[in-house]
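Novice: The structure follows.
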Amino acid sequence: MLIDTHAHLDMEDFEPDLEEVLKRAREGGVGYVITVGTDLSSSQEALKLAGRHDFISSTLGYHPHHAKDLDQDHLNELAELAADPKIVAWGEIGLDFFRRRSPVNRQMEAFIRQLDLAWDLGLPVIIHCRDAHKELIEILTKRKVVHRGVIHCFSGDYDLAMTYIDMGYHISIPGTVTYKNAGMTQEVASRIPLECLLLETDAPFLTPVPLRGKRNEPLFTTHTAKKIADLRGMDLEDLARQTSKNAAALFNLPINL
C-alpha cells in the first residue's frame with residue numbers, strides 16, 4: 001500500500017469527480033491520503049472531507065501565501081479544530097520568498113506562531129519552503145524544542161536534505177522526481193535514508209510523467225514511487241512498505257501495516 005501524504009482534495013479541481021478520484025486511488029494501490037489545509041476555510045473543508053472517509057486524514061494551517069490574513073481568531077479556531085482525531089498535522093505552513101503573496105515579515109511571524117501552537121498541541125508540522133531555506137533553517141535552529149515534521153515537495157540538493165534530516169525532519173518527494181531535468185531531486189530521492197522518505201502528489205499540482213499536463217490526483221503517487229524504486233534499485237513493494245510505515249509513524253495514522 002502507498003500513502004499520498006500531501007494532497008489538496010478540497011480544491012475546486014476535484015469538485016466534479018472526487019469520489020471517482022478516490023476510488024481510482026484505492027483500486028490502484030494508494031490506500032491512504034492526507035488532505036492538507038492552507039487557510040481556515042480550506043482546513044475546515046479538508047476536515048469535513050476526512051470525516052466522510054476512513055482512509056483520509058486531514059491537516060490544518062495557514063500557507064505562507066495566506067499569512068497576511070492570519071490573525072489570533074483564526075489561530076483559535078484552528079486550535080479548536082485540532083482536537084478532532086482526524087487532524088494529524090499542522091500545515092501547510094512555512095516560507096515562500098519566490099511568489100511573495102504575503103509580505104516576508106508576515107510570513108515569518110505566521111510561521112513562528114504556528115510552530116509554537118503545533119508544539120503546544122503535540123502535532124507534527126508540514127513545511128513549505130521556496131527560496132527561503134536560509135531563513136527557515138535559522139528559525140528552526142533557534143527553537144528551544146525539536147519539532148517533528150516534513151519538508152514537503154522538497155526541491156533542494158542532497159546536502160540541504162541531510163541538514164533537515166539531521167534536524168529530525170522527513171523529506172517528501174513529489175512527482176517532479178519523474179521530470180527529465182530533475183537530477184537534483186533524483187539524487188535526493190536515491191540517497192537519503194529510506195526511513196526519512198515520504199511520498200506525495202501535492203495534487204492537483206505537479207503531475208508526474210507520463211501524465212504531465214493533466215490534473216494530478218492521489219493515484220499518481222504510483223508513478224513517483226516507481227521512479228524512486230528504480231533510482232534506489234529496490235522493489236516497489238519494499239519502497240511502498242517502508243514509506244507507508246514512515247508516514248504512519250510520523251502522522252500517527254490509524255492503519256495497520
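Chains: A, B, ... in order of the C-alpha cells. Residues: from 1 per chain. Ligands: from 1, in order shown.
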Can you list, as a PyMOL selection string, every protein, DNA or RNA residue that comes within 12 Å of A:Gly183 when you count only C-alpha atoms, leaving out same-chain residues fewer than 3 positions away?

Specialist: chain A and resi 155-158+176-180+186-190+231

Novice: Enumerate, in order of chain and increasing residue number, the residues of stretch 24-124 of chain A with an atom no farther than 8 Å from stretch 240-253 of chain A, each with its shortest atom pair and distance in Å to one decimal, counting only C-alpha atoms, as CSV.

Specialist:
residue,atom,partner,partner_atom,distance
A:Ser57,CA,A:Leu253,CA,7.8
A:Val88,CA,A:Phe251,CA,5.4
A:Ala89,CA,A:Phe251,CA,6.6
A:Pro124,CA,A:Phe251,CA,6.9

Novice: Set the distance at 12 Å and use only C-alpha atoms: which residues neighbour A:Arg191 once local chain neighbours fewer than 3 positions away are removed? I'd like the list as a short mmCIF file (atom, residue, chain, number, x, y, z; two decimals) with C-alpha atoms, in the first residue's frame.

Specialist:
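selection.cif was written with the following content:
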data_model
loop_
_atom_site.label_atom_id
_atom_site.label_comp_id
_atom_site.auth_asym_id
_atom_site.auth_seq_id
_atom_site.Cartn_x
_atom_site.Cartn_y
_atom_site.Cartn_z
CA ASP A 157 20.00 19.35 -3.05
CA TYR A 158 21.24 16.34 -1.10
CA ASP A 159 23.26 18.35 1.43
CA ALA A 161 18.06 17.44 2.59
CA MET A 162 20.52 15.95 5.06
CA ILE A 171 11.77 14.68 3.26
CA MET A 184 18.98 17.09 -8.11
CA THR A 185 15.66 15.75 -6.82
CA GLN A 186 16.51 12.31 -8.18
CA GLU A 187 19.79 12.32 -6.29
CA VAL A 188 17.98 13.23 -3.08
CA LEU A 194 14.86 5.36 3.40
CA GLU A 195 13.35 5.77 6.86
CA CYS A 196 13.25 9.55 6.30
CA LEU A 197 11.46 9.43 2.93
CA ILE A 228 12.12 6.28 -6.79
CA ALA A 229 12.21 2.49 -6.50
CA LEU A 231 16.50 5.08 -8.66
CA ARG A 232 17.21 3.19 -5.45
CA GLY A 233 17.43 -0.20 -7.16
#

Novice: List the spatial neighbours of A:Tyr169 as an mmCIF file with N, CA and C atoms, in the first residue's frame - criterion: any atom at most 8 Å away, only C-alpha atoms, same-chain residues fewer than 6 positions off excluded.

Specialist:
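Printed below is out05.cif as written:
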data_model
loop_
_atom_site.group_PDB
_atom_site.id
_atom_site.type_symbol
_atom_site.label_atom_id
_atom_site.label_comp_id
_atom_site.auth_asym_id
_atom_site.auth_seq_id
_atom_site.Cartn_x
_atom_site.Cartn_y
_atom_site.Cartn_z
ATOM 1 N N HIS A 147 10.895 20.053 16.637
ATOM 2 C CA HIS A 147 9.614 19.655 16.067
ATOM 3 C C HIS A 147 9.756 18.376 15.244
ATOM 4 N N ARG A 148 8.696 17.603 15.225
ATOM 5 C CA ARG A 148 8.584 16.511 14.263
ATOM 6 C C ARG A 148 7.889 17.072 13.032
ATOM 7 N N GLY A 149 8.262 16.552 11.858
ATOM 8 C CA GLY A 149 7.566 17.036 10.688
ATOM 9 C C GLY A 149 8.235 16.651 9.396
ATOM 10 N N VAL A 150 7.832 17.343 8.337
ATOM 11 C CA VAL A 150 8.292 17.010 6.994
ATOM 12 C C VAL A 150 8.493 18.293 6.194
ATOM 13 N N ILE A 151 9.545 18.302 5.400
ATOM 14 C CA ILE A 151 9.731 19.352 4.403
ATOM 15 C C ILE A 151 9.069 18.831 3.134
ATOM 16 N N CYS A 196 13.572 8.122 6.245
ATOM 17 C CA CYS A 196 13.249 9.551 6.304
ATOM 18 C C CYS A 196 12.464 10.014 5.075
#

Novice: As a PDB file with N, CA and C atoms, in the first residue's frame, please: the residues near A:Lys226 (cut-off 9 Å, only C-alpha atoms, same-chain neighbours under 4 positions excluded).

Specialist:
ATOM      1  N   THR A 221       0.557   8.837  -7.247  1.00  0.00           N
ATOM      2  CA  THR A 221       1.661   8.510  -6.344  1.00  0.00           C
ATOM      3  C   THR A 221       2.405   7.279  -6.846  1.00  0.00           C
ATOM      4  N   THR A 222       1.703   6.408  -7.540  1.00  0.00           N
ATOM      5  CA  THR A 222       2.321   5.178  -8.047  1.00  0.00           C
ATOM      6  C   THR A 222       3.465   5.483  -8.997  1.00  0.00           C
ATOM      7  N   ASP A 230      13.090   2.604  -8.763  1.00  0.00           N
ATOM      8  CA  ASP A 230      14.101   2.379  -9.805  1.00  0.00           C
ATOM      9  C   ASP A 230      15.409   3.082  -9.458  1.00  0.00           C
ATOM     10  N   LEU A 231      15.310   4.321  -9.009  1.00  0.00           N
ATOM     11  CA  LEU A 231      16.505   5.081  -8.659  1.00  0.00           C
ATOM     12  C   LEU A 231      17.292   4.420  -7.533  1.00  0.00           C
ATOM     13  N   ASP A 235      12.784  -3.080  -4.871  1.00  0.00           N
ATOM     14  CA  ASP A 235      11.443  -3.486  -5.274  1.00  0.00           C
ATOM     15  C   ASP A 235      10.438  -2.407  -4.883  1.00  0.00           C
ATOM     16  N   LEU A 236       9.451  -2.204  -5.757  1.00  0.00           N
ATOM     17  CA  LEU A 236       8.411  -1.222  -5.469  1.00  0.00           C
ATOM     18  C   LEU A 236       7.678  -1.563  -4.179  1.00  0.00           C
ATOM     19  N   LEU A 239       9.649  -0.399  -1.199  1.00  0.00           N
ATOM     20  CA  LEU A 239       9.597   1.057  -1.056  1.00  0.00           C
ATOM     21  C   LEU A 239       8.252   1.485  -0.505  1.00  0.00           C
TER      22      LEU A 239
END

Novice: Which residue is closest to A:Asp84? Choose from A:Arg143, A:Lys48, A:Arg212, A:His133 and count only C-alpha atoms.

Specialist: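 Among the listed residues, A:Lys48 lies closest to A:Asp84.
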
Novice: If we count only C-alpha atoms and set the cut-off at 7 Å, which residues sit around A:Leu95, ignoring sequence neighbours fewer than 5 positions away in its own chain? Please answer as a PyMOL selection string.

Specialist: chain A and resi 64+107-108+128-130+132

Novice: What does the file look like for those residues with N, CA and C atoms, as a CSV table (one decimal), in the first residue's frame?

Specialist:
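Now in result.csv:
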chain,number,residue,atom,x,y,z
A,64,PRO,N,2.1,30.0,3.6
A,64,PRO,CA,2.7,31.4,3.6
A,64,PRO,C,2.0,32.3,2.6
A,107,GLN,N,4.9,36.5,6.8
A,107,GLN,CA,5.2,35.1,6.6
A,107,GLN,C,5.9,34.5,7.8
A,108,MET,N,7.0,35.2,8.2
A,108,MET,CA,7.8,34.7,9.3
A,108,MET,C,7.1,34.7,10.6
A,128,HIS,N,6.4,24.1,4.0
A,128,HIS,CA,6.6,24.6,2.6
A,128,HIS,C,7.7,25.6,2.7
A,129,CYS,N,8.7,25.4,1.8
A,129,CYS,CA,9.8,26.4,1.7
A,129,CYS,C,10.2,26.5,0.2
A,130,ARG,N,10.2,27.8,-0.2
A,130,ARG,CA,10.6,28.1,-1.6
A,130,ARG,C,11.5,29.4,-1.5
A,132,ALA,N,13.7,30.2,0.5
A,132,ALA,CA,13.8,30.7,1.8
A,132,ALA,C,14.5,29.8,2.8

Novice: Looking only at helix (DSSP H, G or I) from DSSP on the backbone, list the matching residues of stretch 3-73 of chain A as a ChimeraX atom specification.

Specialist: /A:12-14,18-27,40-51,64-69,72-73

Novice: Go ahead and write the selection's residues with N, CA and C atoms as a compact mmCIF listing (two decimals), in the first residue's frame.

Specialist:
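Listing of result.txt after writing:
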# COMPACT_ATOMS: atom_id res chain seq x y z
N GLU A 12 -11.27 23.17 -5.87
CA GLU A 12 -12.36 23.06 -6.82
C GLU A 12 -12.03 22.14 -7.99
N ASP A 13 -10.74 21.89 -8.22
CA ASP A 13 -10.34 20.97 -9.29
C ASP A 13 -10.98 19.59 -9.12
N PHE A 14 -11.30 19.22 -7.88
CA PHE A 14 -11.85 17.89 -7.62
C PHE A 14 -13.37 17.88 -7.41
N LEU A 18 -14.73 13.89 -7.32
CA LEU A 18 -13.88 13.50 -6.20
C LEU A 18 -14.03 12.03 -5.83
N GLU A 19 -15.24 11.54 -5.77
CA GLU A 19 -15.45 10.15 -5.37
C GLU A 19 -14.81 9.18 -6.37
N GLU A 20 -14.87 9.52 -7.64
CA GLU A 20 -14.20 8.68 -8.65
C GLU A 20 -12.69 8.74 -8.49
N VAL A 21 -12.17 9.92 -8.16
CA VAL A 21 -10.73 10.08 -7.92
C VAL A 21 -10.29 9.19 -6.76
N LEU A 22 -11.07 9.19 -5.70
CA LEU A 22 -10.72 8.39 -4.52
C LEU A 22 -10.84 6.89 -4.82
N LYS A 23 -11.84 6.52 -5.58
CA LYS A 23 -12.00 5.11 -5.95
C LYS A 23 -10.82 4.63 -6.78
N ARG A 24 -10.39 5.44 -7.75
CA ARG A 24 -9.24 5.07 -8.58
C ARG A 24 -7.99 4.90 -7.72
N ALA A 25 -7.82 5.80 -6.77
CA ALA A 25 -6.64 5.72 -5.91
C ALA A 25 -6.61 4.40 -5.14
N ARG A 26 -7.69 4.05 -4.52
CA ARG A 26 -7.73 2.84 -3.70
C ARG A 26 -7.59 1.58 -4.54
N GLU A 27 -8.24 1.57 -5.68
CA GLU A 27 -8.13 0.41 -6.57
C GLU A 27 -6.73 0.29 -7.16
N LEU A 40 -8.05 28.92 6.92
CA LEU A 40 -9.11 28.46 7.80
C LEU A 40 -10.20 27.71 7.03
N SER A 41 -10.71 28.30 5.95
CA SER A 41 -11.79 27.65 5.22
C SER A 41 -11.32 26.35 4.58
N SER A 42 -10.13 26.34 4.03
CA SER A 42 -9.58 25.12 3.43
C SER A 42 -9.41 24.03 4.49
N SER A 43 -8.94 24.40 5.66
CA SER A 43 -8.76 23.43 6.74
C SER A 43 -10.10 22.86 7.19
N GLN A 44 -11.10 23.71 7.25
CA GLN A 44 -12.44 23.24 7.63
C GLN A 44 -12.98 22.25 6.60
N GLU A 45 -12.80 22.56 5.33
CA GLU A 45 -13.28 21.67 4.27
C GLU A 45 -12.50 20.37 4.24
N ALA A 46 -11.19 20.44 4.46
CA ALA A 46 -10.38 19.23 4.49
C ALA A 46 -10.84 18.30 5.61
N LEU A 47 -11.15 18.87 6.77
CA LEU A 47 -11.62 18.07 7.90
C LEU A 47 -12.97 17.43 7.60
N LYS A 48 -13.86 18.17 6.98
CA LYS A 48 -15.16 17.60 6.61
C LYS A 48 -14.98 16.41 5.66
N LEU A 49 -14.07 16.57 4.71
CA LEU A 49 -13.81 15.51 3.75
C LEU A 49 -13.24 14.28 4.46
N ALA A 50 -12.29 14.50 5.35
CA ALA A 50 -11.71 13.38 6.08
C ALA A 50 -12.75 12.67 6.93
N GLY A 51 -13.69 13.42 7.45
CA GLY A 51 -14.73 12.83 8.28
C GLY A 51 -15.66 11.90 7.53
N PRO A 64 2.08 30.03 3.61
CA PRO A 64 2.69 31.37 3.56
C PRO A 64 2.01 32.32 2.58
N HIS A 65 1.40 31.81 1.53
CA HIS A 65 0.68 32.70 0.62
C HIS A 65 -0.45 33.44 1.34
N HIS A 66 -1.02 32.82 2.36
CA HIS A 66 -2.17 33.40 3.08
C HIS A 66 -1.78 34.00 4.42
N ALA A 67 -0.48 34.09 4.70
CA ALA A 67 -0.03 34.54 6.01
C ALA A 67 -0.54 35.93 6.36
N LYS A 68 -0.72 36.78 5.36
CA LYS A 68 -1.18 38.14 5.61
C LYS A 68 -2.58 38.17 6.20
N ASP A 69 -3.34 37.09 6.04
CA ASP A 69 -4.72 37.04 6.52
C ASP A 69 -4.85 36.41 7.90
N GLN A 72 -5.33 36.22 15.36
CA GLN A 72 -5.47 35.38 16.54
C GLN A 72 -6.78 34.61 16.55
N ASP A 73 -7.84 35.21 16.03
CA ASP A 73 -9.13 34.50 15.97
C ASP A 73 -9.02 33.26 15.09

Novice: One number please: atom CA of A:Thr59 to atom CA of A:Trp119, in Å, one decimal.

Specialist: 14.5 Å

Novice: Contacts of A:Cys153 at 7 Å or less, counting only C-alpha atoms, minus same-chain residues fewer than 3 places along, as a list of chain:residue names?

Specialist: A:Ser172, A:Ile173, A:Pro174

Novice: Taking the chain letters and numbering used in this document, name the residues of stretch 35-225 of chain A that DSSP puts in strand (DSSP E), as a PyMOL selection string.

Specialist: chain A and resi 35+56-60+87-96+125-130+149-151+169-173+197-199

Novice: Those residues you just picked out, can you put them in a file as a PDB file, in the first residue's frame with C-alpha atoms?

Specialist:
ATOM      1  CA  THR A  35      -5.560  16.153   2.572  1.00  0.00           C
ATOM      2  CA  ILE A  56      -8.378  10.024   4.674  1.00  0.00           C
ATOM      3  CA  SER A  57      -6.886  12.215   7.392  1.00  0.00           C
ATOM      4  CA  SER A  58      -6.529  15.978   7.230  1.00  0.00           C
ATOM      5  CA  THR A  59      -4.350  18.829   8.431  1.00  0.00           C
ATOM      6  CA  LEU A  60      -4.833  22.491   9.204  1.00  0.00           C
ATOM      7  CA  ILE A  87      -6.349  16.069  12.273  1.00  0.00           C
ATOM      8  CA  VAL A  88      -2.856  14.572  12.048  1.00  0.00           C
ATOM      9  CA  ALA A  89      -0.575  17.586  11.467  1.00  0.00           C
ATOM     10  CA  TRP A  90      -0.302  21.357  11.460  1.00  0.00           C
ATOM     11  CA  GLY A  91       0.387  22.578   7.969  1.00  0.00           C
ATOM     12  CA  GLU A  92       0.886  23.578   5.329  1.00  0.00           C
ATOM     13  CA  ILE A  93       2.994  26.311   6.872  1.00  0.00           C
ATOM     14  CA  GLY A  94       6.341  27.836   6.012  1.00  0.00           C
ATOM     15  CA  LEU A  95       8.016  30.483   3.903  1.00  0.00           C
ATOM     16  CA  ASP A  96       7.724  31.362   0.210  1.00  0.00           C
ATOM     17  CA  VAL A 125       4.355  20.128  11.075  1.00  0.00           C
ATOM     18  CA  ILE A 126       4.190  20.137   7.280  1.00  0.00           C
ATOM     19  CA  ILE A 127       6.575  22.784   5.989  1.00  0.00           C
ATOM     20  CA  HIS A 128       6.570  24.571   2.631  1.00  0.00           C
ATOM     21  CA  CYS A 129       9.778  26.351   1.664  1.00  0.00           C
ATOM     22  CA  ARG A 130      10.628  28.109  -1.573  1.00  0.00           C
ATOM     23  CA  GLY A 149       7.566  17.036  10.688  1.00  0.00           C
ATOM     24  CA  VAL A 150       8.292  17.010   6.994  1.00  0.00           C
ATOM     25  CA  ILE A 151       9.731  19.352   4.403  1.00  0.00           C
ATOM     26  CA  TYR A 169      12.632  16.140   9.666  1.00  0.00           C
ATOM     27  CA  HIS A 170      11.386  13.823   6.943  1.00  0.00           C
ATOM     28  CA  ILE A 171      11.766  14.677   3.260  1.00  0.00           C
ATOM     29  CA  SER A 172       8.764  14.303   0.966  1.00  0.00           C
ATOM     30  CA  ILE A 173       9.234  13.750  -2.753  1.00  0.00           C
ATOM     31  CA  LEU A 197      11.457   9.429   2.928  1.00  0.00           C
ATOM     32  CA  LEU A 198       7.793  10.201   2.261  1.00  0.00           C
ATOM     33  CA  LEU A 199       5.772  10.248  -0.971  1.00  0.00           C
TER      34      LEU A 199
END

Novice: Using atom CA of A:Leu9 and atom CA of A:Pro254 as the two end points, give the distance in Å to one decimal.

Specialist: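 Separation of atom CA of A:Leu9 and atom CA of A:Pro254: 19.5 Å.
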